[in-house]
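Content type mmCIF, C-alpha atoms and all ligand atoms, from the file model07.cif:
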```cif
data_final
#
loop_
_atom_site.label_atom_id
_atom_site.label_comp_id
_atom_site.auth_asym_id
_atom_site.auth_seq_id
_atom_site.Cartn_x
_atom_site.Cartn_y
_atom_site.Cartn_z
CA MET A 423 -88.61 15.66 -3.26
CA GLN A 424 -85.06 16.84 -2.55
CA GLN A 425 -82.37 14.80 -4.31
CA ASP A 426 -79.65 13.33 -2.10
CA TRP A 427 -76.78 14.56 -4.23
CA ILE A 428 -74.01 14.01 -1.72
CA SER A 429 -74.37 10.21 -1.66
CA ARG A 430 -74.15 10.22 -5.47
CA PHE A 431 -70.83 12.05 -5.60
CA SER A 432 -67.78 9.91 -6.36
CA ASP A 433 -65.64 8.70 -3.47
CA ASN A 434 -62.77 10.88 -4.72
CA ILE A 435 -64.83 14.06 -4.70
CA ARG A 436 -67.38 13.68 -1.88
CA ASP A 437 -65.20 15.23 0.84
CA TYR A 438 -63.23 17.42 -1.53
CA ASP A 439 -63.59 21.01 -0.48
CA GLY A 440 -61.61 22.98 -3.07
CA TYR A 441 -59.41 25.92 -2.31
CA ALA A 442 -59.50 27.03 1.35
CA ILE A 443 -58.06 30.44 0.42
CA GLY A 444 -61.00 31.19 -1.90
CA LYS A 445 -63.42 31.46 1.01
CA LEU A 446 -61.17 33.93 2.82
CA PHE A 447 -60.78 36.11 -0.29
CA LYS A 448 -64.56 36.64 -0.29
CA LEU A 449 -64.09 38.62 2.95
CA LEU A 450 -61.84 41.17 1.24
CA GLY A 451 -64.54 43.27 -0.44
CA ASP A 452 -63.67 46.57 1.30
CA PRO A 453 -61.58 48.62 -1.19
CA ALA A 454 -59.78 50.28 1.75
CA THR A 455 -58.27 46.92 2.73
CA ILE A 456 -54.73 46.43 1.45
CA SER A 457 -54.40 42.82 0.49
CA LEU A 458 -51.09 41.07 0.91
CA ALA A 459 -53.05 37.87 0.40
CA GLY A 460 -53.29 37.22 -3.34
CA GLY A 461 -50.56 35.90 -5.60
CA LEU A 462 -51.23 38.35 -8.37
CA PRO A 463 -48.50 39.82 -10.55
CA SER A 464 -48.73 43.60 -10.75
CA PRO A 465 -50.72 44.88 -13.75
CA ASP A 466 -47.98 47.57 -14.01
CA THR A 467 -45.83 44.82 -15.55
CA PHE A 468 -48.37 43.73 -18.17
CA LEU A 469 -47.41 44.23 -21.83
CA LYS A 470 -50.82 45.66 -22.75
CA ASN A 471 -49.92 47.47 -26.00
CA GLU A 472 -47.79 44.58 -27.22
CA LEU A 473 -50.67 42.19 -26.53
CA GLN A 474 -53.07 44.39 -28.49
CA ARG A 475 -50.72 44.52 -31.47
CA ALA A 476 -50.08 40.78 -31.45
CA SER A 477 -53.78 40.08 -31.10
CA GLN A 478 -54.76 42.30 -34.03
CA LYS A 479 -52.03 40.82 -36.20
CA ARG A 480 -53.09 37.21 -35.49
CA LEU A 481 -56.79 37.95 -35.99
CA GLN A 482 -56.09 39.65 -39.30
CA GLU A 483 -53.79 36.85 -40.47
CA ASP A 484 -56.08 33.91 -39.74
CA ALA A 485 -59.10 34.42 -37.55
CA ALA A 486 -60.60 31.12 -38.76
CA ALA A 487 -57.68 29.09 -37.39
CA ILE A 488 -57.99 30.83 -34.03
CA MET A 489 -61.68 29.95 -33.94
CA GLN A 490 -61.02 26.26 -34.69
CA TYR A 491 -60.12 23.21 -32.56
CA THR A 492 -56.40 22.59 -32.48
CA ASP A 493 -53.76 20.04 -31.44
CA ILE A 494 -54.17 18.55 -27.99
CA SER A 495 -50.48 18.59 -27.11
CA GLY A 496 -50.24 22.24 -28.14
CA GLU A 497 -49.52 24.60 -31.03
CA MET A 498 -46.26 23.63 -32.74
CA ASP A 499 -45.15 27.29 -32.97
CA LEU A 500 -45.49 27.63 -29.22
CA ILE A 501 -43.80 24.29 -28.53
CA GLU A 502 -40.82 25.33 -30.64
CA ALA A 503 -40.64 28.73 -28.96
CA VAL A 504 -40.73 27.05 -25.52
CA ILE A 505 -37.95 24.66 -26.53
CA GLN A 506 -35.79 27.70 -27.34
CA PHE A 507 -36.86 29.48 -24.15
CA LEU A 508 -35.73 26.46 -22.12
CA GLN A 509 -32.41 26.34 -23.94
CA GLU A 510 -31.66 29.74 -22.37
CA ASP A 511 -32.02 27.91 -19.04
CA HIS A 512 -29.69 25.09 -20.19
CA ILE A 513 -32.56 22.65 -20.58
CA SER A 514 -32.56 20.72 -23.80
CA ILE A 515 -35.75 18.94 -24.87
CA SER A 516 -37.54 17.98 -28.06
CA THR A 517 -41.21 18.03 -29.06
CA GLU A 518 -41.97 14.61 -27.54
CA ASN A 519 -40.97 15.95 -24.10
CA ILE A 520 -43.60 18.69 -23.84
CA VAL A 521 -47.34 19.13 -23.50
CA ILE A 522 -48.91 22.59 -23.47
CA THR A 523 -51.32 23.00 -20.55
CA SER A 524 -54.04 25.42 -19.59
CA SER A 525 -51.59 26.82 -17.04
CA GLY A 526 -49.63 25.52 -14.07
CA GLN A 527 -52.70 24.43 -12.18
CA GLN A 528 -53.67 22.04 -14.97
CA GLY A 529 -50.06 20.88 -15.11
CA LEU A 530 -50.36 19.86 -11.46
CA ASP A 531 -53.75 18.25 -11.96
CA LEU A 532 -52.39 16.14 -14.85
CA THR A 533 -49.49 15.07 -12.63
CA GLY A 534 -51.67 14.03 -9.69
CA ARG A 535 -54.08 12.10 -11.92
CA LEU A 536 -51.26 10.39 -13.76
CA PHE A 537 -49.49 8.97 -10.73
CA SER A 538 -51.73 8.68 -7.68
CA ASN A 539 -54.20 6.04 -6.64
CA PRO A 540 -56.20 6.75 -3.49
CA GLY A 541 -53.95 6.04 -0.52
CA ASP A 542 -50.66 6.48 -2.43
CA ALA A 543 -48.18 8.92 -0.95
CA VAL A 544 -46.83 12.20 -2.28
CA ILE A 545 -43.73 13.62 -0.58
CA LEU A 546 -43.72 17.38 -0.18
CA ASP A 547 -42.57 20.31 1.93
CA ARG A 548 -44.41 21.69 4.93
CA PRO A 549 -45.63 24.26 3.97
CA THR A 550 -46.14 23.93 0.24
CA PHE A 551 -48.20 25.50 -2.56
CA ALA A 552 -51.88 25.23 -1.60
CA GLY A 553 -52.93 24.87 -5.26
CA ALA A 554 -50.81 21.73 -5.56
CA LEU A 555 -52.47 20.27 -2.46
CA VAL A 556 -55.88 21.02 -3.97
CA ALA A 557 -54.92 19.47 -7.32
CA PHE A 558 -53.41 16.33 -5.79
CA GLN A 559 -56.24 15.91 -3.25
CA MET A 560 -58.61 14.86 -6.06
CA GLN A 561 -56.83 11.48 -5.98
CA ARG A 562 -57.09 11.24 -2.17
CA PRO A 563 -53.39 10.60 -1.58
CA VAL A 564 -51.50 10.52 1.70
CA PHE A 565 -49.36 13.66 2.07
CA GLY A 566 -45.90 12.86 3.39
CA GLY A 567 -44.95 16.34 4.52
CA VAL A 568 -41.54 17.36 5.93
CA ASP A 569 -40.77 20.81 7.40
CA ILE A 570 -38.91 23.01 4.92
CA GLN A 571 -35.54 24.45 6.01
CA GLU A 572 -33.81 27.76 5.31
CA ASP A 573 -31.98 26.29 2.32
CA GLY A 574 -34.95 24.38 0.97
CA SER A 575 -36.48 20.93 1.38
CA ASP A 576 -35.16 18.71 4.19
CA ILE A 577 -33.75 15.92 2.01
CA ASP A 578 -32.79 13.70 4.98
CA GLY A 579 -36.29 14.24 6.31
CA PHE A 580 -37.70 13.23 2.89
CA GLU A 581 -35.64 10.04 3.03
CA LYS A 582 -36.88 9.18 6.52
CA LYS A 583 -40.46 9.85 5.45
CA ILE A 584 -40.08 7.68 2.33
CA ALA A 585 -38.60 4.81 4.37
CA GLU A 586 -41.41 5.15 6.92
CA LEU A 587 -44.12 5.05 4.22
CA ILE A 588 -42.52 2.14 2.39
CA GLY A 589 -42.30 0.36 5.77
CA GLN A 590 -46.09 0.78 6.01
CA ASN A 591 -46.53 -0.63 2.49
CA ILE A 592 -47.67 2.75 1.19
CA PRO A 593 -46.40 3.36 -2.37
CA VAL A 594 -44.64 6.71 -2.73
CA LYS A 595 -45.50 8.04 -6.19
CA PHE A 596 -43.60 11.31 -6.51
CA ILE A 597 -41.79 14.09 -4.68
CA TYR A 598 -43.26 17.56 -5.27
CA VAL A 599 -41.03 20.64 -4.84
CA VAL A 600 -40.96 24.33 -5.80
CA PRO A 601 -37.17 24.87 -5.66
CA ASP A 602 -37.11 28.52 -6.74
CA PHE A 603 -38.70 31.10 -4.40
CA GLN A 604 -41.24 28.63 -3.11
CA ASN A 605 -44.87 29.60 -2.69
CA PRO A 606 -45.60 30.26 0.19
CA THR A 607 -42.21 30.77 1.91
CA GLY A 608 -40.04 32.42 -0.77
CA ILE A 609 -37.30 29.90 0.16
CA SER A 610 -35.01 28.50 -2.57
CA MET A 611 -33.33 25.11 -2.56
CA SER A 612 -29.51 25.20 -2.42
CA LEU A 613 -27.46 23.52 -5.14
CA PRO A 614 -26.19 20.69 -2.88
CA LYS A 615 -29.78 19.94 -1.91
CA ARG A 616 -30.87 19.86 -5.56
CA GLU A 617 -28.20 17.22 -6.20
CA ALA A 618 -29.09 15.36 -2.98
CA LEU A 619 -32.76 15.31 -3.98
CA LEU A 620 -31.79 13.75 -7.30
CA ASP A 621 -29.65 11.17 -5.46
CA LEU A 622 -32.70 10.31 -3.37
CA SER A 623 -34.90 10.10 -6.43
CA TYR A 624 -32.48 7.66 -8.10
CA GLU A 625 -31.92 5.63 -4.96
CA TYR A 626 -35.63 5.01 -4.35
CA ASP A 627 -36.69 5.34 -8.00
CA ILE A 628 -39.26 8.01 -7.23
CA PRO A 629 -39.78 10.84 -9.75
CA ILE A 630 -39.41 14.49 -8.78
CA VAL A 631 -42.06 16.99 -9.84
CA GLU A 632 -40.33 20.38 -10.12
CA ASP A 633 -42.82 23.26 -10.19
CA SER A 634 -41.13 26.40 -11.53
CA PRO A 635 -43.45 29.39 -11.92
CA TYR A 636 -41.03 31.92 -10.40
CA ARG A 637 -37.67 30.84 -11.85
CA SER A 638 -37.25 33.97 -13.98
CA LEU A 639 -38.02 36.29 -11.05
CA ARG A 640 -34.67 36.36 -9.23
CA TYR A 641 -33.86 39.76 -7.67
CA HIS A 642 -30.67 38.88 -5.76
CA GLY A 643 -27.97 36.24 -5.90
CA ALA A 644 -26.85 33.89 -8.64
CA ASN A 645 -29.16 31.64 -10.65
CA LEU A 646 -29.15 28.00 -9.62
CA PRO A 647 -29.66 25.24 -12.17
CA ALA A 648 -33.12 23.73 -12.44
CA ILE A 649 -33.29 20.17 -11.08
CA PHE A 650 -34.45 19.21 -14.56
CA GLU A 651 -31.15 20.49 -15.96
CA LEU A 652 -29.11 18.64 -13.32
CA ASP A 653 -30.95 15.45 -14.18
CA GLN A 654 -30.02 15.91 -17.84
CA HIS A 655 -26.40 15.37 -16.73
CA ARG A 656 -27.53 12.01 -15.32
CA SER A 657 -30.05 9.69 -17.04
CA GLY A 658 -32.45 12.59 -17.66
CA ASP A 659 -35.66 10.70 -16.89
CA HIS A 660 -36.33 11.35 -13.20
CA VAL A 661 -37.81 14.87 -13.30
CA ILE A 662 -41.08 16.27 -14.56
CA GLY A 663 -41.15 20.05 -14.95
CA VAL A 664 -44.34 22.07 -14.42
CA TYR A 665 -44.24 25.60 -15.88
CA THR A 666 -46.67 28.45 -16.45
CA PHE A 667 -46.72 31.70 -18.40
CA SER A 668 -48.72 33.33 -15.57
CA LYS A 669 -45.76 35.09 -13.98
CA LEU A 670 -43.75 35.50 -17.18
CA PHE A 671 -46.42 37.00 -19.40
CA CYS A 672 -49.79 37.18 -17.63
CA PRO A 673 -52.11 34.82 -15.73
CA GLY A 674 -55.15 35.75 -17.83
CA MET A 675 -53.95 33.63 -20.75
CA ARG A 676 -53.96 30.43 -18.64
CA VAL A 677 -51.17 28.82 -20.63
CA GLY A 678 -48.29 26.72 -19.33
CA PHE A 679 -46.43 23.53 -20.18
CA ASN A 680 -45.22 20.30 -18.61
CA ILE A 681 -41.94 18.71 -19.65
CA GLY A 682 -40.70 15.20 -19.01
CA PRO A 683 -39.96 11.76 -20.43
CA PRO A 684 -41.97 10.94 -23.61
CA ALA A 685 -44.02 8.18 -21.91
CA VAL A 686 -45.15 10.63 -19.20
CA ILE A 687 -45.97 13.39 -21.65
CA ALA A 688 -47.91 11.04 -23.96
CA LYS A 689 -50.06 9.92 -21.04
CA MET A 690 -50.65 13.51 -19.88
CA ASP A 691 -51.75 14.20 -23.44
CA ASN A 692 -54.29 11.37 -23.11
CA ILE A 693 -55.62 12.79 -19.84
CA LYS A 694 -55.94 16.20 -21.51
CA GLN A 695 -58.16 14.57 -24.12
CA GLY A 696 -60.58 13.77 -21.32
CA ASN A 697 -60.76 17.26 -19.85
CA THR A 698 -59.80 20.42 -21.75
CA LEU A 699 -59.00 18.71 -25.09
CA ASN A 700 -56.88 21.50 -26.54
CA SER A 701 -55.80 24.67 -24.73
CA PRO A 702 -57.27 27.74 -26.52
CA LYS A 703 -55.34 28.49 -29.70
CA TYR A 704 -55.71 32.26 -29.32
CA ASN A 705 -54.11 32.18 -25.87
CA GLN A 706 -51.31 29.93 -27.08
CA ASP A 707 -50.68 32.27 -30.02
CA MET A 708 -50.39 35.21 -27.65
CA CYS A 709 -47.79 33.30 -25.62
CA THR A 710 -45.91 32.47 -28.84
CA ALA A 711 -45.95 36.19 -29.66
CA PHE A 712 -44.66 36.91 -26.15
CA LEU A 713 -41.67 34.62 -26.71
CA GLN A 714 -41.02 35.63 -30.31
CA GLU A 715 -42.01 39.28 -30.62
CA MET A 716 -42.13 40.97 -27.23
CA ASP A 717 -38.45 40.91 -26.26
CA TRP A 718 -39.19 38.77 -23.23
CA LYS A 719 -35.66 39.00 -21.87
CA THR A 720 -35.85 42.80 -21.55
CA HIS A 721 -39.37 42.44 -20.16
CA MET A 722 -38.25 40.00 -17.47
CA ALA A 723 -35.32 42.26 -16.57
CA SER A 724 -37.72 45.17 -16.01
CA CYS A 725 -40.10 42.95 -13.99
CA ARG A 726 -37.16 41.96 -11.80
CA ALA A 727 -36.14 45.59 -11.26
CA TYR A 728 -39.74 46.52 -10.44
CA TYR A 729 -40.31 43.70 -7.92
CA ARG A 730 -36.83 44.09 -6.41
CA GLU A 731 -37.80 47.61 -5.31
CA LYS A 732 -41.08 46.45 -3.84
CA LEU A 733 -39.38 43.68 -1.91
CA ALA A 734 -36.84 46.19 -0.55
CA VAL A 735 -39.59 48.57 0.61
CA PHE A 736 -41.40 45.70 2.26
CA LEU A 737 -38.38 44.30 4.05
CA ASP A 738 -37.21 47.76 5.21
CA THR A 739 -40.63 48.60 6.60
CA MET A 740 -40.87 45.22 8.33
CA GLN A 741 -37.49 45.87 9.94
CA GLU A 742 -38.73 49.22 11.21
CA TYR A 743 -42.14 48.14 12.54
CA PHE A 744 -41.33 44.67 13.82
CA PRO A 745 -38.40 45.05 16.21
CA LYS A 746 -36.94 41.79 17.53
CA GLU A 747 -38.72 41.97 20.89
CA ILE A 748 -42.11 41.55 19.20
CA GLY A 749 -41.08 38.00 18.35
CA VAL A 750 -42.05 38.02 14.68
CA SER A 751 -39.62 36.65 12.09
CA TRP A 752 -39.83 36.45 8.31
CA THR A 753 -37.98 34.97 5.36
CA LYS A 754 -35.89 37.18 3.08
CA PRO A 755 -36.49 35.77 -0.37
CA GLU A 756 -34.13 36.33 -3.28
CA GLY A 757 -36.99 36.33 -5.77
CA GLY A 758 -40.60 35.36 -6.43
CA LEU A 759 -43.70 37.04 -5.05
CA PHE A 760 -43.99 35.88 -1.44
CA LEU A 761 -42.46 35.79 1.97
CA TRP A 762 -43.39 33.85 5.07
CA ALA A 763 -43.81 35.44 8.48
CA THR A 764 -43.84 33.54 11.75
CA VAL A 765 -45.61 34.97 14.79
CA PRO A 766 -45.32 33.82 18.42
CA PRO A 767 -46.86 30.35 18.88
CA GLN A 768 -49.72 31.58 21.08
CA LEU A 769 -51.21 33.42 18.09
CA ASP A 770 -53.44 31.63 15.58
CA THR A 771 -53.11 33.40 12.24
CA LEU A 772 -56.59 32.35 11.06
CA ALA A 773 -58.09 34.23 14.03
CA LEU A 774 -55.58 37.02 13.39
CA PHE A 775 -56.69 37.23 9.75
CA HIS A 776 -60.22 38.16 10.88
CA GLU A 777 -58.76 40.79 13.23
CA ALA A 778 -56.39 42.12 10.57
CA ILE A 779 -59.19 42.86 8.14
CA LYS A 780 -60.62 45.19 10.82
CA PHE A 781 -57.28 47.02 10.51
CA LYS A 782 -57.77 46.95 6.72
CA VAL A 783 -54.92 44.65 5.89
CA ALA A 784 -55.01 41.01 4.79
CA PHE A 785 -52.63 38.06 4.42
CA VAL A 786 -53.12 34.33 3.95
CA PRO A 787 -53.14 32.30 7.19
CA GLY A 788 -50.32 29.77 6.91
CA GLU A 789 -52.48 26.78 7.80
CA VAL A 790 -53.83 26.42 4.23
CA PHE A 791 -50.36 25.44 2.99
CA TYR A 792 -50.14 22.14 4.89
CA GLY A 793 -51.32 18.75 3.66
CA GLU A 794 -51.87 17.57 7.23
CA ASN A 795 -51.36 18.83 10.81
CA PRO A 796 -51.17 22.51 9.89
CA ALA A 797 -48.95 24.89 11.84
CA LYS A 798 -51.05 27.82 13.03
CA ASN A 799 -48.59 30.65 13.61
CA HIS A 800 -47.50 31.63 10.10
CA MET A 801 -48.72 33.92 7.39
CA ARG A 802 -48.00 34.18 3.69
CA ILE A 803 -47.36 37.68 2.49
CA ASN A 804 -47.44 38.83 -1.12
CA PHE A 805 -45.44 41.91 -2.06
CA SER A 806 -45.97 42.04 -5.85
CA TYR A 807 -49.47 43.44 -6.16
CA PRO A 808 -49.87 46.43 -3.80
CA SER A 809 -48.03 49.66 -4.65
CA LYS A 810 -44.89 50.56 -2.69
CA GLU A 811 -46.89 53.13 -0.69
CA GLN A 812 -49.58 50.54 0.08
CA LEU A 813 -46.94 48.01 1.13
CA ALA A 814 -45.52 50.42 3.70
CA ILE A 815 -49.00 51.26 5.05
CA ALA A 816 -49.93 47.56 5.15
CA VAL A 817 -46.90 46.72 7.30
CA LYS A 818 -47.81 49.51 9.77
CA ARG A 819 -51.40 48.23 9.99
CA LEU A 820 -50.19 44.68 10.50
CA SER A 821 -47.88 45.86 13.24
CA ASP A 822 -50.72 47.76 15.00
CA CYS A 823 -52.95 44.70 14.83
CA LEU A 824 -50.26 42.33 16.09
CA ARG A 825 -49.14 44.53 18.97
CA ILE A 826 -52.69 44.68 20.32
CA HIS A 827 -53.12 40.92 20.09
CA LEU A 828 -49.75 40.18 21.64
CA GLN A 829 -50.72 42.22 24.70
CA THR A 830 -53.94 40.31 25.31
C1 LIG B 901 -45.94 27.13 -7.02
C2 LIG B 901 -47.05 27.36 -7.99
N1 LIG B 901 -47.35 26.41 -8.88
C3 LIG B 901 -48.34 26.55 -9.77
C4 LIG B 901 -49.09 27.70 -9.80
C5 LIG B 901 -50.26 27.78 -10.74
O1 LIG B 901 -50.02 28.58 -11.79
P1 LIG B 901 -51.17 29.10 -12.72
O2 LIG B 901 -51.77 30.27 -12.04
O3 LIG B 901 -50.47 29.44 -13.95
O4 LIG B 901 -52.15 28.00 -12.91
C6 LIG B 901 -48.82 28.74 -8.91
C7 LIG B 901 -49.62 29.96 -8.91
O5 LIG B 901 -49.54 30.81 -8.09
C8 LIG B 901 -47.76 28.56 -7.97
O6 LIG B 901 -47.45 29.49 -7.06
#
```
Re-express the file's structure as structure tokens.
Ligand SMILES: Cc1ncc(COP(=O)(O)O)c(C=O)c1O
Amino acid sequence: MQQDWISRFSDNIRDYDGYAIGKLFKLLGDPATISLAGGLPSPDTFLKNELQRASQKRLQEDAAAIMQYTDISGEMDLIEAVIQFLQEDHISISTENIVITSSGQQGLDLTGRLFSNPGDAVILDRPTFAGALVAFQMQRPVFGGVDIQEDGSDIDGFEKKIAELIGQNIPVKFIYVVPDFQNPTGISMSLPKREALLDLSYEYDIPIVEDSPYRSLRYHGANLPAIFELDQHRSGDHVIGVYTFSKLFCPGMRVGFNIGPPAVIAKMDNIKQGNTLNSPKYNQDMCTAFLQEMDWKTHMASCRAYYREKLAVFLDTMQEYFPKEIGVSWTKPEGGLFLWATVPPQLDTLALFHEAIKFKVAFVPGEVFYGENPAKNHMRINFSYPSKEQLAIAVKRLSDCLRIHLQT
């Protein structure tokens, strides 16, 4: 007899479908296809020899410790190295303000679980990081989405949305933003908006969750303070920071950290006890070595130089192959790994995705980056992974594909 599994699944999980992008990636098996779809850092930037040396050293020093269980909140060596790393960014915290995570995705999962009951609201941009939507969805919240603007989140729009939700007796639990080179748009939040967002957070007493995987990857323009830093000039307890080593060091380690008020961090620590327990010590040790032994500042400077060139090639080729009359526009990010292209409204980029793979080029259809009522005429484009030559070819293929579909 066949078991009826579905009816046994919990209410939170029954309709939960995971990552929409994952299913599309399965269609990208043809090696001739140039993928602008993933969010992968380039392996050209990986510190492979340095990792090998650090690994050998740690294994020789104390393999038994690496093979053992370890502290749930994280390795003290790593915590101290992160505290110093954040000081470079004018953020000052102590050990009670940080929990090491198994990367940014776990950081988001801990956040969603900590704050949301089913039916509670989360305020966020439209579009926003699809992985955050997936993480938060486990709690079945209401997504209060507001269209992002050229200079970042629409803070007035956030306020209207909060007032509307409160008017409907829906508790608003937190505001989620990626202020630096947002995934998927590449847009950064201006300084006045960072301050205005904090004003809003204080006025309505709603915490901000600041997700910062790309902060160190600025190719143009001046650094802007993290919202976490700005809050430290106020009461310093309204922002939770979500960080990852994925784009600093490498995603394979799956190590990151959350920072915030001690009560929040202690509770995240408790949640961690129920899922991963401790993050792998070996991986944490490699991240400590990255911060202490691998001259991370020089490394980040060379990553910036490397990606700056790729972005320039991409933007120049777009300019050449997508003249104004085609009706395609795109963001011009100052950092990060992505940009956001908008096609004429009659085109549906999910349908276009299936056509584009026939032209051997792929992107992510924009609709996966919306919590509700997705817009259909956008695409997320990654410029970090393909080579410069591939980037130029990919733009030409995309242009060929689009021109045909705009004529029909
Ligand atoms: C905005 C944002 N937050 C969090 C993450 C998750 O990071 P990780 O891959 O380290 O789990 C990503 C990954 O792409 C991201 O773009």
Report as a tab-separated table the residues of stretch 424-495 of chain A within 8 Å of stretch 804-819 of chain A, each with its shortest atom pair and distance in Å (one decimal), using only C-alpha atoms, ordered by chain and increasing residue number.
```
residue	atom	partner	partner_atom	distance
A:Ile456	CA	A:Ala816	CA	6.2
A:Ser457	CA	A:Pro808	CA	7.2
A:Leu458	CA	A:Asn804	CA	4.7
A:Ala459	CA	A:Asn804	CA	5.9
A:Gly460	CA	A:Asn804	CA	6.5
A:Gly461	CA	A:Asn804	CA	6.2
A:Leu462	CA	A:Tyr807	CA	5.8
A:Pro463	CA	A:Tyr807	CA	5.8
A:Ser464	CA	A:Tyr807	CA	4.7
A:Pro465	CA	A:Tyr807	CA	7.8
```
**Message:** Using all atoms listed in the file for the distances, tell me which of A:Pro647, A:Gly574, A:Pro635, A:Pro614 is nearest to ligand LIG 901 (chain B).
**Reply:** A:Pro635
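Shell of A:Asn680 at 8 Å, with only C-alpha atoms counted and residues fewer than 2 places along the chain excluded, is Ile520, Val521, Ile522, Thr523, Gly529, Ile662, Gly663, Val664, Tyr665, Gly678, Gly682 and Ile687 of chain A.
The two atoms in question, atom CA of A:Leu620 and atom CA of A:Ala543, are spaced 18.2 Å apart.
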**Prompt:** Using all atoms listed in the file, what are the residues with an atom within 6 Å of ligand LIG 901 (chain B), set out as number ranges by chain?
**Reply:** A: 461, 525-527, 551, 600, 605, 633, 635, 666, 668, 673, 676
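Between atom CA of A:Tyr626 and atom CA of A:Gln561 the interatomic distance comes to 22.2 Å.
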**Prompt:** Which value, in Å to one decimal, gives the distance between atom CA of A:Ala711 and atom CA of A:Thr467?
**Reply:** 16.5 Å
**Item:** Nearest candidate to A:Gln490 (options A:Ile443, A:Met708, A:Lys703, A:Asn471; using only C-alpha atoms)
**Value:** A:Lys703
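Considering the residues A:Tyr438, A:Phe744, A:Phe650, A:Phe775 and counting all atoms listed in the file, A:Asp511 has its shortest atom-to-atom contact with A:Phe650.
Considering the residues A:Asp653, A:Pro593, A:Asp466, A:Leu619 and counting all atoms listed in the file, A:Gly579 has its shortest atom-to-atom contact with A:Leu619.
Closest to A:Ser623 among A:Asp659, A:Glu472, A:Asp547, A:Glu777 is A:Asp659, based on all atoms listed in the file.
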**Message:** Calculated over all atoms listed in the file, which of the candidates A:Gly793, A:Gly566, A:Gly534, A:Pro540 has the smallest distance to A:Lys583?
**Reply:** A:Gly566
